[in-house]
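Asks: Structure incoming, see below.
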Amino acid sequence: MIDVPYDERIPGFVTLVLKQGESHYRDFPWRHTRDPYAVLVSEIMLQQTQVARVLPYWERWLLDFPTLDALAAAPLEAILRAWQGLGYNRRAVALKRLAELLSQQPDGRPAVLPDDDAALRALPGVGPSTAAGVRAFAYGQPSVYLETNVRAVVLHELFADSTEVSDRELLPLLAQAAEFSVASGVEPHVWNCALLDYGAFLKSSRPNPSRRSAHHTRQTRFEGSKRQKRARLLRLVLEVPFVSSEEAARELGGDVEEAIQLLGELQAEGFVVTDGTGWRVN
DNA sequence: ATCCTGGTCT
DNA sequence: AGACCAGGAT
């Protein structure tokens with residue numbers, strides 16, 4: 001972290017965010033649990049996906065796979081089916097791997113999600129934001145949780161006239177604010193909820209302030225993309241038990257070479273396996 | 001019909 | 001720096 005001088009605006013910023021967070025508070029089911037696994041699942045699902053779409057998936061997921069050990073024991077096929085429609089299917093594969101890693105406890109003890117930043121970030125699919133979210137919302141530990149809604153708040157309040165702002169500039173101020181809120185006796189989950197809820201409000205009421213982040217990028221079109229083709233192939237493999245390369249090619253309306261190439265990539269990422277004559281879910 | 005959104009990994 | 005998914009907004 002860059003060592004920058006203490007910013008005099010921090011106390012006012014924290015007070016304002018807490019007040020705005022209260023005004024725009026959103027009541028999500030994952031805010032009513034401290035189960036680290038349930039919190040982790042919400043964080044992973046929310047990584048790239050809107051809240052409205054995550055809600056039913058999160059509820060269903062915890063019924064189907066109530067614990068890390070249940071997830072570790074479940075077939076990947078069931079896991080990928082439960083993920084269908086959420087997007088970025090690699091997250092489901094990573095979650096399965098994570099569960100398998102943690103459930104390999106001696107004496108068959110229940111799997112435990114770590115609570116420290118380094119151990120969390122060493123897990124597949126867990127980066128800085130997800131680790132910070134789990135630490136605050138499951139374990140009540142102070143964390144610097146920089147994701148898109150939080151970025152919107154910091155950019156709007158502390159970088160109003162700047163463009164191309166990098167996270168390296170935002171992080172020290174967010175860290176100072178987090179520290180101030182803790183010192184003021186505010187629970188880490190209350191502070192981070194306030195950031196998220198105020199950020200979501202800002203994004204809904206004006207052009208997304210996160211566009212002024214240096215890291216903001218525009219997505220390439222989905223129609224006709226490789227992403228779309230991968231999604232179609234995975235869907236096909238989940239629909240029928242065994243898919244030949246020719247069937248896969250027909251699904252894409254393309255050539256067999258392309259289908260084999262894409263399925264090979266899906267295999268390398270752990271989605272599917274082949275026996276040489278066709279493909280099935282790993 | 002085209003545009004817009006996003007955290008992690010390579 | 002660029003790839004990964006999908007649905008809602010415009």
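Every chain in the structure tokens takes a letter, A first, then B, and so on in the order presented; its residues are numbered from 1, and the ligands are numbered from 1 following the presented order.
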Report as a list in words the set of chain A residues whose atoms approach chain C to within 9 Å, with distances computed over only C-alpha atoms (C1' of nucleotides).
Replies: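 For chain A, the answer reads Gln48, Thr49, Arg53, Gly85, Leu86, Gly87, Tyr88, Asn89, Arg90, Phe222, Arg227, Gln228 and Ala231 of chain A.
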Asks: Mind checking DSSP for range 79-270 of chain A and telling me the helix (DSSP H, G or I) residues as JSON, numbers by chain?
Replies: {"A": [79, 80, 81, 82, 83, 90, 91, 92, 93, 94, 95, 96, 97, 98, 99, 100, 101, 102, 103, 106, 107, 108, 117, 118, 119, 120, 121, 128, 129, 130, 131, 132, 133, 134, 135, 136, 137, 148, 149, 150, 151, 152, 153, 154, 155, 156, 157, 158, 167, 168, 169, 170, 171, 172, 173, 174, 175, 176, 177, 178, 179, 180, 181, 182, 183, 188, 189, 190, 191, 192, 193, 194, 195, 196, 197, 198, 199, 200, 201, 202, 203, 204, 205, 209, 210, 211, 212, 226, 227, 228, 229, 230, 231, 232, 233, 234, 235, 236, 237, 238, 239, 245, 246, 247, 248, 249, 250, 251, 252, 256, 257, 258, 259, 260, 261, 262, 263, 264, 265, 266, 267, 268]}
Asks: Hey, could you make a per-residue contact list for chain A against chain B with 10 Å as the cut-off, showing the nearest pair of atoms and its distance in Å to one decimal, counting only C-alpha atoms (C1' of nucleotides), sorted by chain and number, as JSON lines?
Replies:
{"residue": "A:Glu43", "atom": "CA", "partner": "B:DG7", "partner_atom": "C1'", "distance": 9.9}
{"residue": "A:Ile44", "atom": "CA", "partner": "B:DG7", "partner_atom": "C1'", "distance": 8.6}
{"residue": "A:Leu46", "atom": "CA", "partner": "B:DG6", "partner_atom": "C1'", "distance": 8.9}
{"residue": "A:Gln47", "atom": "CA", "partner": "B:DG7", "partner_atom": "C1'", "distance": 5.3}
{"residue": "A:Gln48", "atom": "CA", "partner": "B:DG6", "partner_atom": "C1'", "distance": 4.4}
{"residue": "A:Thr49", "atom": "CA", "partner": "B:DG6", "partner_atom": "C1'", "distance": 7.0}
{"residue": "A:Gln50", "atom": "CA", "partner": "B:DT5", "partner_atom": "C1'", "distance": 8.1}
{"residue": "A:Arg90", "atom": "CA", "partner": "B:DT8", "partner_atom": "C1'", "distance": 9.9}
{"residue": "A:Arg91", "atom": "CA", "partner": "B:DT8", "partner_atom": "C1'", "distance": 9.0}
{"residue": "A:Pro124", "atom": "CA", "partner": "B:DT8", "partner_atom": "C1'", "distance": 8.8}
{"residue": "A:Gly125", "atom": "CA", "partner": "B:DT8", "partner_atom": "C1'", "distance": 6.1}
{"residue": "A:Val126", "atom": "CA", "partner": "B:DT8", "partner_atom": "C1'", "distance": 7.1}
{"residue": "A:Gly127", "atom": "CA", "partner": "B:DT8", "partner_atom": "C1'", "distance": 6.1}
{"residue": "A:Pro128", "atom": "CA", "partner": "B:DG7", "partner_atom": "C1'", "distance": 8.6}
{"residue": "A:Ser129", "atom": "CA", "partner": "B:DG7", "partner_atom": "C1'", "distance": 7.3}
{"residue": "A:Thr130", "atom": "CA", "partner": "B:DG7", "partner_atom": "C1'", "distance": 8.0}
{"residue": "A:Glu147", "atom": "CA", "partner": "B:DG7", "partner_atom": "C1'", "distance": 7.9}
{"residue": "A:Thr148", "atom": "CA", "partner": "B:DG6", "partner_atom": "C1'", "distance": 7.4}
{"residue": "A:Asn208", "atom": "CA", "partner": "B:DT5", "partner_atom": "C1'", "distance": 9.9}
{"residue": "A:His216", "atom": "CA", "partner": "B:DG6", "partner_atom": "C1'", "distance": 9.3}
{"residue": "A:Thr217", "atom": "CA", "partner": "B:DG6", "partner_atom": "C1'", "distance": 9.4}
{"residue": "A:Arg218", "atom": "CA", "partner": "B:DC4", "partner_atom": "C1'", "distance": 8.0}
{"residue": "A:Gln219", "atom": "CA", "partner": "B:DC4", "partner_atom": "C1'", "distance": 8.1}
{"residue": "A:Arg221", "atom": "CA", "partner": "B:DC3", "partner_atom": "C1'", "distance": 8.9}
Asks: Please produce a file of the residues just selected, as a short mmCIF file (atom, residue, chain, number, x, y, z; two decimals), in the first residue's frame, where the atoms kept are C-alpha atoms.
Replies:
data_model
loop_
_atom_site.label_atom_id
_atom_site.label_comp_id
_atom_site.auth_asym_id
_atom_site.auth_seq_id
_atom_site.Cartn_x
_atom_site.Cartn_y
_atom_site.Cartn_z
CA GLU A 43 -19.41 -13.10 -2.80
CA ILE A 44 -18.39 -15.42 -5.64
CA LEU A 46 -21.87 -11.43 -6.98
CA GLN A 47 -18.41 -11.07 -8.54
CA GLN A 48 -19.72 -10.56 -12.06
CA THR A 49 -23.43 -10.78 -11.67
CA GLN A 50 -26.29 -8.45 -10.73
CA ARG A 90 -15.35 -20.99 -14.32
CA ARG A 91 -16.46 -19.61 -10.98
CA PRO A 124 -9.10 -20.70 -6.39
CA GLY A 125 -11.49 -17.96 -7.49
CA VAL A 126 -10.80 -15.79 -4.44
CA GLY A 127 -9.09 -12.47 -5.09
CA PRO A 128 -8.65 -9.31 -3.01
CA SER A 129 -12.30 -8.22 -3.05
CA THR A 130 -13.82 -11.60 -2.23
CA GLU A 147 -15.17 -3.49 -5.60
CA THR A 148 -17.28 -1.62 -8.12
CA ASN A 208 -21.61 5.20 -13.17
CA HIS A 216 -12.86 0.46 -16.30
CA THR A 217 -13.13 -1.51 -19.52
CA ARG A 218 -15.89 -2.05 -22.02
CA GLN A 219 -16.97 -5.57 -22.81
CA ARG A 221 -19.99 -7.91 -27.92
#
Asks: Could you tell me how far CA of Val134 in chain A lies from CA of Pro36 in chain A, in Å and to one decimal?
Replies: 6.7 Å
Asks: For the atom pair CA of Glu77 in chain A and CA of Leu234 in chain A, what is the interatomic distance in Å to one decimal place?
Replies: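 Calculated distance between CA of Glu77 in chain A and CA of Leu234 in chain A is 10.4 Å.
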Asks: In Å, rounded to a single decimal, give me how far CA of Leu123 in chain A is from CA of Ala72 in chain A.
Replies: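 Distance reported for this atom pair: 14.1 Å.
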Asks: Hey, what's within 9 Å of Phe13 in chain A if we count only C-alpha atoms (C1' of nucleotides) and toss same-chain stuff fewer than 2 positions away? As a list in words, please?
Replies: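 Contacts, in chain order: Arg9, Ile10, Pro11, Thr15, Leu16, Val17, Leu18, Val154, Glu157, Leu158 and Ala177 of chain A.
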Asks: Just all heavy atoms for this one: save the residues we selected as a PDB file, in the first residue's frame.
Replies:
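Below is the file that was written, out_10.pdb:
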ATOM      1  N   ARG A   9     -10.198  14.798   4.869  1.00  0.00           N
ATOM      2  CA  ARG A   9     -11.613  14.603   4.515  1.00  0.00           C
ATOM      3  C   ARG A   9     -12.177  13.294   5.059  1.00  0.00           C
ATOM      4  O   ARG A   9     -13.376  13.059   4.973  1.00  0.00           O
ATOM      5  CB  ARG A   9     -11.773  14.624   2.989  1.00  0.00           C
ATOM      6  CG  ARG A   9     -11.390  15.954   2.346  1.00  0.00           C
ATOM      7  CD  ARG A   9     -11.397  15.864   0.832  1.00  0.00           C
ATOM      8  NE  ARG A   9     -10.394  14.925   0.343  1.00  0.00           N
ATOM      9  CZ  ARG A   9     -10.307  14.513  -0.921  1.00  0.00           C
ATOM     10  NH1 ARG A   9     -11.178  14.960  -1.822  1.00  0.00           N
ATOM     11  NH2 ARG A   9      -9.375  13.676  -1.273  1.00  0.00           N
ATOM     12  N   ILE A  10     -11.301  12.449   5.611  1.00  0.00           N
ATOM     13  CA  ILE A  10     -11.733  11.102   6.013  1.00  0.00           C
ATOM     14  C   ILE A  10     -12.886  11.092   7.026  1.00  0.00           C
ATOM     15  O   ILE A  10     -13.892  10.393   6.793  1.00  0.00           O
ATOM     16  CB  ILE A  10     -10.529  10.279   6.528  1.00  0.00           C
ATOM     17  CG1 ILE A  10      -9.534  10.014   5.391  1.00  0.00           C
ATOM     18  CG2 ILE A  10     -10.989   8.952   7.143  1.00  0.00           C
ATOM     19  CD1 ILE A  10     -10.091   9.255   4.207  1.00  0.00           C
ATOM     20  N   PRO A  11     -12.807  11.832   8.135  1.00  0.00           N
ATOM     21  CA  PRO A  11     -13.914  11.768   9.109  1.00  0.00           C
ATOM     22  C   PRO A  11     -15.258  12.159   8.501  1.00  0.00           C
ATOM     23  O   PRO A  11     -16.264  11.463   8.713  1.00  0.00           O
ATOM     24  CB  PRO A  11     -13.495  12.766  10.188  1.00  0.00           C
ATOM     25  CG  PRO A  11     -12.003  12.832  10.084  1.00  0.00           C
ATOM     26  CD  PRO A  11     -11.699  12.671   8.622  1.00  0.00           C
ATOM     27  N   THR A  15     -18.560   9.620   8.010  1.00  0.00           N
ATOM     28  CA  THR A  15     -19.873  10.006   8.546  1.00  0.00           C
ATOM     29  C   THR A  15     -20.928  10.019   7.447  1.00  0.00           C
ATOM     30  O   THR A  15     -22.029   9.502   7.609  1.00  0.00           O
ATOM     31  CB  THR A  15     -19.781  11.410   9.198  1.00  0.00           C
ATOM     32  OG1 THR A  15     -18.756  11.373  10.187  1.00  0.00           O
ATOM     33  CG2 THR A  15     -21.103  11.796   9.838  1.00  0.00           C
ATOM     34  N   LEU A  16     -20.568  10.607   6.311  1.00  0.00           N
ATOM     35  CA  LEU A  16     -21.508  10.697   5.193  1.00  0.00           C
ATOM     36  C   LEU A  16     -21.871   9.314   4.638  1.00  0.00           C
ATOM     37  O   LEU A  16     -23.048   9.023   4.394  1.00  0.00           O
ATOM     38  CB  LEU A  16     -20.895  11.542   4.072  1.00  0.00           C
ATOM     39  CG  LEU A  16     -21.787  11.646   2.841  1.00  0.00           C
ATOM     40  CD1 LEU A  16     -22.649  12.892   2.922  1.00  0.00           C
ATOM     41  CD2 LEU A  16     -20.992  11.633   1.556  1.00  0.00           C
ATOM     42  N   VAL A  17     -20.869   8.465   4.463  1.00  0.00           N
ATOM     43  CA  VAL A  17     -21.119   7.126   3.910  1.00  0.00           C
ATOM     44  C   VAL A  17     -22.023   6.330   4.849  1.00  0.00           C
ATOM     45  O   VAL A  17     -22.962   5.655   4.401  1.00  0.00           O
ATOM     46  CB  VAL A  17     -19.786   6.382   3.654  1.00  0.00           C
ATOM     47  CG1 VAL A  17     -20.038   4.903   3.354  1.00  0.00           C
ATOM     48  CG2 VAL A  17     -19.025   7.028   2.504  1.00  0.00           C
ATOM     49  N   LEU A  18     -21.777   6.431   6.151  1.00  0.00           N
ATOM     50  CA  LEU A  18     -22.609   5.693   7.112  1.00  0.00           C
ATOM     51  C   LEU A  18     -24.053   6.173   7.042  1.00  0.00           C
ATOM     52  O   LEU A  18     -24.998   5.372   7.067  1.00  0.00           O
ATOM     53  CB  LEU A  18     -22.054   5.850   8.528  1.00  0.00           C
ATOM     54  CG  LEU A  18     -20.739   5.099   8.789  1.00  0.00           C
ATOM     55  CD1 LEU A  18     -20.122   5.527  10.111  1.00  0.00           C
ATOM     56  CD2 LEU A  18     -20.959   3.577   8.761  1.00  0.00           C
ATOM     57  N   VAL A 154     -16.006   6.111  -3.558  1.00  0.00           N
ATOM     58  CA  VAL A 154     -14.750   6.829  -3.348  1.00  0.00           C
ATOM     59  C   VAL A 154     -14.501   7.811  -4.492  1.00  0.00           C
ATOM     60  O   VAL A 154     -14.090   8.960  -4.262  1.00  0.00           O
ATOM     61  CB  VAL A 154     -13.571   5.842  -3.201  1.00  0.00           C
ATOM     62  CG1 VAL A 154     -12.264   6.597  -2.952  1.00  0.00           C
ATOM     63  CG2 VAL A 154     -13.833   4.860  -2.057  1.00  0.00           C
ATOM     64  N   GLU A 157     -17.048  10.788  -4.047  1.00  0.00           N
ATOM     65  CA  GLU A 157     -16.853  11.670  -2.894  1.00  0.00           C
ATOM     66  C   GLU A 157     -15.448  12.266  -2.790  1.00  0.00           C
ATOM     67  O   GLU A 157     -15.280  13.375  -2.300  1.00  0.00           O
ATOM     68  CB  GLU A 157     -17.172  10.916  -1.597  1.00  0.00           C
ATOM     69  CG  GLU A 157     -18.635  10.500  -1.458  1.00  0.00           C
ATOM     70  CD  GLU A 157     -19.593  11.686  -1.357  1.00  0.00           C
ATOM     71  OE1 GLU A 157     -19.125  12.803  -1.029  1.00  0.00           O
ATOM     72  OE2 GLU A 157     -20.791  11.496  -1.634  1.00  0.00           O
ATOM     73  N   LEU A 158     -14.449  11.524  -3.211  1.00  0.00           N
ATOM     74  CA  LEU A 158     -13.067  11.961  -2.966  1.00  0.00           C
ATOM     75  C   LEU A 158     -12.266  12.252  -4.233  1.00  0.00           C
ATOM     76  O   LEU A 158     -11.176  12.807  -4.168  1.00  0.00           O
ATOM     77  CB  LEU A 158     -12.331  10.911  -2.116  1.00  0.00           C
ATOM     78  CG  LEU A 158     -12.943  10.614  -0.734  1.00  0.00           C
ATOM     79  CD1 LEU A 158     -12.173   9.504  -0.029  1.00  0.00           C
ATOM     80  CD2 LEU A 158     -13.000  11.867   0.137  1.00  0.00           C
ATOM     81  N   ALA A 177     -10.163   5.345   5.692  1.00  0.00           N
ATOM     82  CA  ALA A 177     -11.576   5.428   6.084  1.00  0.00           C
ATOM     83  C   ALA A 177     -11.983   4.195   6.890  1.00  0.00           C
ATOM     84  O   ALA A 177     -12.677   4.302   7.913  1.00  0.00           O
ATOM     85  CB  ALA A 177     -12.458   5.573   4.846  1.00  0.00           C
TER      86      ALA A 177
END
Asks: Hey, which of A:Tyr37, A:Phe159, A:Trp279, A:Trp83 ends up closest to Tyr57 in chain A? Count only C-alpha atoms.
Replies: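 The shortest atom-to-atom distance to Tyr57 in chain A comes from A:Trp83.
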